[in-house]
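Undergrad: This is the content of protein.cif (mmCIF, N, CA and C atoms and all ligand atoms):
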```cif
data_start
#
loop_
_atom_site.group_PDB
_atom_site.id
_atom_site.type_symbol
_atom_site.label_atom_id
_atom_site.label_comp_id
_atom_site.auth_asym_id
_atom_site.auth_seq_id
_atom_site.Cartn_x
_atom_site.Cartn_y
_atom_site.Cartn_z
ATOM 1 N N MET A 108 -35.868 -17.479 -2.927
ATOM 2 C CA MET A 108 -37.282 -17.655 -2.580
ATOM 3 C C MET A 108 -37.809 -16.405 -1.878
ATOM 4 N N ALA A 109 -38.945 -15.951 -2.319
ATOM 5 C CA ALA A 109 -39.574 -14.779 -1.709
ATOM 6 C C ALA A 109 -40.961 -15.165 -1.200
ATOM 7 N N ILE A 110 -41.480 -14.322 -0.355
ATOM 8 C CA ILE A 110 -42.825 -14.555 0.183
ATOM 9 C C ILE A 110 -43.744 -13.455 -0.329
ATOM 10 N N ASP A 111 -44.842 -13.869 -0.891
ATOM 11 C CA ASP A 111 -45.883 -12.923 -1.280
ATOM 12 C C ASP A 111 -46.476 -12.329 0.006
ATOM 13 N N PRO A 112 -46.305 -11.012 0.217
ATOM 14 C CA PRO A 112 -46.751 -10.442 1.486
ATOM 15 C C PRO A 112 -48.270 -10.390 1.633
ATOM 16 N N VAL A 113 -48.970 -10.565 0.550
ATOM 17 C CA VAL A 113 -50.434 -10.478 0.617
ATOM 18 C C VAL A 113 -51.021 -11.807 1.080
ATOM 19 N N CYS A 114 -50.664 -12.874 0.406
ATOM 20 C CA CYS A 114 -51.262 -14.174 0.735
ATOM 21 C C CYS A 114 -50.280 -15.105 1.432
ATOM 22 N N LYS A 115 -49.034 -14.641 1.635
ATOM 23 C CA LYS A 115 -47.988 -15.399 2.342
ATOM 24 C C LYS A 115 -47.537 -16.645 1.595
ATOM 25 N N MET A 116 -47.857 -16.699 0.330
ATOM 26 C CA MET A 116 -47.425 -17.817 -0.467
ATOM 27 C C MET A 116 -45.961 -17.657 -0.830
ATOM 28 N N ARG A 117 -45.265 -18.771 -0.984
ATOM 29 C CA ARG A 117 -43.892 -18.689 -1.459
ATOM 30 C C ARG A 117 -43.892 -18.467 -2.961
ATOM 31 N N VAL A 118 -43.042 -17.555 -3.392
ATOM 32 C CA VAL A 118 -42.976 -17.202 -4.811
ATOM 33 C C VAL A 118 -41.515 -17.220 -5.242
ATOM 34 N N GLU A 119 -41.241 -17.896 -6.346
ATOM 35 C CA GLU A 119 -39.917 -17.800 -6.943
ATOM 36 C C GLU A 119 -39.832 -16.483 -7.700
ATOM 37 N N PRO A 120 -38.815 -15.660 -7.411
ATOM 38 C CA PRO A 120 -38.727 -14.362 -8.096
ATOM 39 C C PRO A 120 -38.795 -14.466 -9.609
ATOM 40 N N GLU A 121 -38.180 -15.496 -10.181
ATOM 41 C CA GLU A 121 -38.201 -15.621 -11.652
ATOM 42 C C GLU A 121 -39.594 -15.970 -12.156
ATOM 43 N N GLN A 122 -40.403 -16.530 -11.289
ATOM 44 C CA GLN A 122 -41.726 -16.984 -11.715
ATOM 45 C C GLN A 122 -42.842 -16.096 -11.180
ATOM 46 N N ALA A 123 -42.475 -15.024 -10.511
ATOM 47 C CA ALA A 123 -43.498 -14.157 -9.934
ATOM 48 C C ALA A 123 -44.341 -13.506 -11.027
ATOM 49 N N ALA A 124 -45.619 -13.398 -10.756
ATOM 50 C CA ALA A 124 -46.523 -12.758 -11.723
ATOM 51 C C ALA A 124 -46.323 -11.249 -11.740
ATOM 52 N N ALA A 125 -45.866 -10.737 -10.588
ATOM 53 C CA ALA A 125 -45.671 -9.292 -10.485
ATOM 54 C C ALA A 125 -44.692 -9.016 -9.363
ATOM 55 N N LYS A 126 -44.089 -7.839 -9.391
ATOM 56 C CA LYS A 126 -43.252 -7.427 -8.279
ATOM 57 C C LYS A 126 -43.429 -5.944 -8.034
ATOM 58 N N ALA A 127 -43.067 -5.530 -6.832
ATOM 59 C CA ALA A 127 -43.195 -4.126 -6.472
ATOM 60 C C ALA A 127 -42.043 -3.757 -5.560
ATOM 61 N N GLU A 128 -41.575 -2.526 -5.699
ATOM 62 C CA GLU A 128 -40.571 -2.025 -4.776
ATOM 63 C C GLU A 128 -41.229 -1.065 -3.814
ATOM 64 N N TYR A 129 -40.922 -1.258 -2.557
ATOM 65 C CA TYR A 129 -41.490 -0.411 -1.532
ATOM 66 C C TYR A 129 -40.457 -0.225 -0.439
ATOM 67 N N GLU A 130 -40.102 1.010 -0.154
ATOM 68 C CA GLU A 130 -39.093 1.327 0.854
ATOM 69 C C GLU A 130 -37.824 0.499 0.673
ATOM 70 N N SER A 131 -37.317 0.515 -0.570
ATOM 71 C CA SER A 131 -36.060 -0.148 -0.935
ATOM 72 C C SER A 131 -36.101 -1.669 -0.854
ATOM 73 N N GLN A 132 -37.270 -2.229 -0.647
ATOM 74 C CA GLN A 132 -37.417 -3.676 -0.645
ATOM 75 C C GLN A 132 -38.186 -4.079 -1.892
ATOM 76 N N THR A 133 -37.831 -5.218 -2.435
ATOM 77 C CA THR A 133 -38.589 -5.732 -3.571
ATOM 78 C C THR A 133 -39.454 -6.883 -3.096
ATOM 79 N N TYR A 134 -40.697 -6.819 -3.456
ATOM 80 C CA TYR A 134 -41.660 -7.856 -3.078
ATOM 81 C C TYR A 134 -42.176 -8.527 -4.338
ATOM 82 N N TYR A 135 -42.403 -9.816 -4.208
ATOM 83 C CA TYR A 135 -42.878 -10.610 -5.350
ATOM 84 C C TYR A 135 -44.259 -11.158 -5.032
ATOM 85 N N PHE A 136 -45.034 -11.315 -6.104
ATOM 86 C CA PHE A 136 -46.434 -11.698 -5.934
ATOM 87 C C PHE A 136 -46.791 -12.874 -6.822
ATOM 88 N N CYS A 137 -47.687 -13.701 -6.309
ATOM 89 C CA CYS A 137 -48.121 -14.882 -7.050
ATOM 90 C C CYS A 137 -49.049 -14.501 -8.192
ATOM 91 N N SER A 138 -49.698 -13.366 -8.053
ATOM 92 C CA SER A 138 -50.678 -12.979 -9.067
ATOM 93 C C SER A 138 -50.792 -11.462 -9.139
ATOM 94 N N ALA A 139 -51.361 -11.001 -10.230
ATOM 95 C CA ALA A 139 -51.579 -9.563 -10.395
ATOM 96 C C ALA A 139 -52.538 -9.040 -9.338
ATOM 97 N N ALA A 140 -53.443 -9.886 -8.903
ATOM 98 C CA ALA A 140 -54.415 -9.454 -7.888
ATOM 99 C C ALA A 140 -53.717 -9.141 -6.565
ATOM 100 N N CYS A 141 -52.747 -9.977 -6.189
ATOM 101 C CA CYS A 141 -51.999 -9.725 -4.959
ATOM 102 C C CYS A 141 -51.166 -8.450 -5.105
ATOM 103 N N HIS A 142 -50.581 -8.266 -6.268
ATOM 104 C CA HIS A 142 -49.786 -7.066 -6.516
ATOM 105 C C HIS A 142 -50.648 -5.818 -6.384
ATOM 106 N N LYS A 143 -51.824 -5.882 -6.936
ATOM 107 C CA LYS A 143 -52.729 -4.743 -6.893
ATOM 108 C C LYS A 143 -53.144 -4.439 -5.457
ATOM 109 N N ALA A 144 -53.423 -5.488 -4.714
ATOM 110 C CA ALA A 144 -53.824 -5.303 -3.314
ATOM 111 C C ALA A 144 -52.690 -4.671 -2.509
ATOM 112 N N PHE A 145 -51.463 -5.124 -2.784
ATOM 113 C CA PHE A 145 -50.317 -4.597 -2.050
ATOM 114 C C PHE A 145 -50.070 -3.135 -2.378
ATOM 115 N N THR A 146 -50.068 -2.800 -3.647
ATOM 116 C CA THR A 146 -49.771 -1.422 -4.036
ATOM 117 C C THR A 146 -50.859 -0.454 -3.583
ATOM 118 N N ALA A 147 -52.062 -0.971 -3.420
ATOM 119 C CA ALA A 147 -53.155 -0.117 -2.945
ATOM 120 C C ALA A 147 -52.960 0.268 -1.479
ATOM 121 N N ASP A 148 -52.323 -0.633 -0.715
ATOM 122 C CA ASP A 148 -52.218 -0.393 0.726
ATOM 123 C C ASP A 148 -51.054 -1.196 1.311
ATOM 124 N N PRO A 149 -49.800 -0.812 0.955
ATOM 125 C CA PRO A 149 -48.637 -1.639 1.333
ATOM 126 C C PRO A 149 -48.512 -1.880 2.835
ATOM 127 N N HIS A 150 -48.751 -0.848 3.623
ATOM 128 C CA HIS A 150 -48.505 -1.002 5.062
ATOM 129 C C HIS A 150 -49.487 -1.949 5.724
ATOM 130 N N LYS A 151 -50.565 -2.218 5.030
ATOM 131 C CA LYS A 151 -51.524 -3.202 5.552
ATOM 132 C C LYS A 151 -50.897 -4.595 5.608
ATOM 133 N N TYR A 152 -49.950 -4.849 4.689
ATOM 134 C CA TYR A 152 -49.374 -6.185 4.575
ATOM 135 C C TYR A 152 -47.988 -6.290 5.184
ATOM 136 N N LEU A 153 -47.456 -5.152 5.636
ATOM 137 C CA LEU A 153 -46.109 -5.131 6.203
ATOM 138 C C LEU A 153 -46.183 -4.739 7.666
ATOM 139 N N GLY A 154 -45.320 -5.287 8.466
ATOM 140 C CA GLY A 154 -45.257 -4.880 9.865
ATOM 141 C C GLY A 154 -46.605 -4.929 10.545
ATOM 142 N N GLY A 155 -47.069 -6.135 10.828
ATOM 143 C CA GLY A 155 -48.414 -6.349 11.329
ATOM 144 C C GLY A 155 -48.800 -5.525 12.540
ATOM 145 N N HIS A 156 -47.806 -4.959 13.251
ATOM 146 C CA HIS A 156 -48.132 -4.206 14.455
ATOM 147 C C HIS A 156 -48.698 -2.828 14.126
ATOM 148 N N ALA A 157 -48.430 -2.343 12.913
ATOM 149 C CA ALA A 157 -48.888 -1.002 12.551
ATOM 150 C C ALA A 157 -50.167 -1.076 11.730
ATOM 151 N N GLY A 158 -50.836 0.032 11.644
ATOM 152 C CA GLY A 158 -51.948 0.131 10.725
ATOM 153 C C GLY A 158 -53.292 -0.288 11.281
ATOM 154 N N HIS A 159 -53.399 -0.369 12.616
ATOM 155 C CA HIS A 159 -54.735 -0.582 13.161
ATOM 156 C C HIS A 159 -54.992 0.446 14.248
ATOM 157 N N GLY A 160 -56.201 0.688 14.520
ATOM 158 C CA GLY A 160 -56.540 1.677 15.525
ATOM 159 C C GLY A 160 -57.032 2.955 14.892
ATOM 160 N N HIS A 161 -56.286 3.440 13.926
ATOM 161 C CA HIS A 161 -56.735 4.637 13.223
ATOM 162 C C HIS A 161 -56.190 4.617 11.807
ATOM 163 N N GLY A 162 -56.757 5.397 10.951
ATOM 164 C CA GLY A 162 -56.278 5.445 9.582
ATOM 165 C C GLY A 162 -57.310 4.922 8.616
ATOM 166 N N SER A 163 -57.530 3.621 8.615
ATOM 167 C CA SER A 163 -58.522 3.063 7.706
ATOM 168 C C SER A 163 -59.446 2.135 8.480
ATOM 169 N N PRO A 164 -60.546 2.639 8.950
ATOM 170 C CA PRO A 164 -61.453 1.810 9.727
ATOM 171 C C PRO A 164 -62.076 0.704 8.897
ATOM 172 N N GLN A 165 -62.208 -0.436 9.509
ATOM 173 C CA GLN A 165 -62.864 -1.551 8.832
ATOM 174 C C GLN A 165 -64.364 -1.308 8.829
ATOM 175 N N PRO A 166 -65.010 -1.625 7.742
ATOM 176 C CA PRO A 166 -66.469 -1.514 7.759
ATOM 177 C C PRO A 166 -67.072 -2.532 8.724
ATOM 178 N N PRO A 167 -68.158 -2.162 9.366
ATOM 179 C CA PRO A 167 -68.767 -3.078 10.325
ATOM 180 C C PRO A 167 -69.324 -4.309 9.626
ATOM 181 N N GLY A 168 -69.431 -5.370 10.372
ATOM 182 C CA GLY A 168 -70.015 -6.588 9.815
ATOM 183 C C GLY A 168 -68.998 -7.502 9.163
ATOM 184 N N ARG A 169 -67.707 -7.191 9.317
ATOM 185 C CA ARG A 169 -66.677 -8.057 8.745
ATOM 186 C C ARG A 169 -65.745 -8.540 9.843
ATOM 187 N N LYS A 170 -66.260 -8.815 10.982
ATOM 188 C CA LYS A 170 -65.432 -9.284 12.089
ATOM 189 C C LYS A 170 -64.868 -10.671 11.779
ATOM 190 N N GLN A 171 -63.635 -10.868 12.280
ATOM 191 C CA GLN A 171 -63.038 -12.198 12.158
ATOM 192 C C GLN A 171 -63.369 -12.995 13.404
ATOM 193 N N ARG A 172 -63.637 -14.256 13.169
ATOM 194 C CA ARG A 172 -63.925 -15.121 14.314
ATOM 195 C C ARG A 172 -62.823 -16.131 14.504
HETATM 196 ZN ZN ZN B 201 -50.470 -13.988 -3.601
#
```
Please render this file's structure as structure tokens.

TA:
Amino acid sequence: MAIDPVCKMRVEPEQAAAKAEYESQTYYFCSAACHKAFTADPHKYLGGHAGHGHGSPQPPGRKQR
């Protein structure tokens, strides 16, 4: 059992719509859309402590409540 790092859904590797290798880890995705999102910006979905503060600023008006 694997976890889709984008949407946190559980994915069976044999049934995954897509997979990607990143830093020697293989990640599985429920859909091509999740795969695309991950490959566009892997560190956004890995290691939640990194990737904020600088690098890719969020556009204003999309605050989470
Ligand atoms: Zn997904």

Undergrad: Give as a list in words the residues that the PyMOL selection byres (((chain A and resi 133-145) around 7) and not hetatm) matches when applied to the coordinates above.

TA: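 Written out, the selection comes to Ala109, Ile110, Asp111, Pro112, Val113, Cys114, Met116, Arg117, Val118, Pro120, Gln122, Ala123, Ala124, Ala125, Lys126, Ala127, Glu128, Tyr129, Glu130, Ser131, Gln132, Thr146, Ala147, Asp148, Pro149, His150 and Tyr152 of chain A.
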
Undergrad: Please define a box with edges along x, y and z of the file around all atoms of segment 131-143 of chain A given in the file, extend it by 5 Å on each side, and return its centre and edge lengths in Å to one decimal, as lines of an AutoDock Vina configuration file.

TA:
```
center_x = -45.2
center_y = -7.2
center_z = -5.5
size_x = 28.4
size_y = 25.4
size_z = 19.8
```

Undergrad: What does the distance between atom N of Met108 of chain A and atom CA of Glu121 of chain A come to in Å, to one decimal place?

TA: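 If I compute the distance from atom N of Met108 of chain A to atom CA of Glu121 of chain A, I get 9.2 Å.
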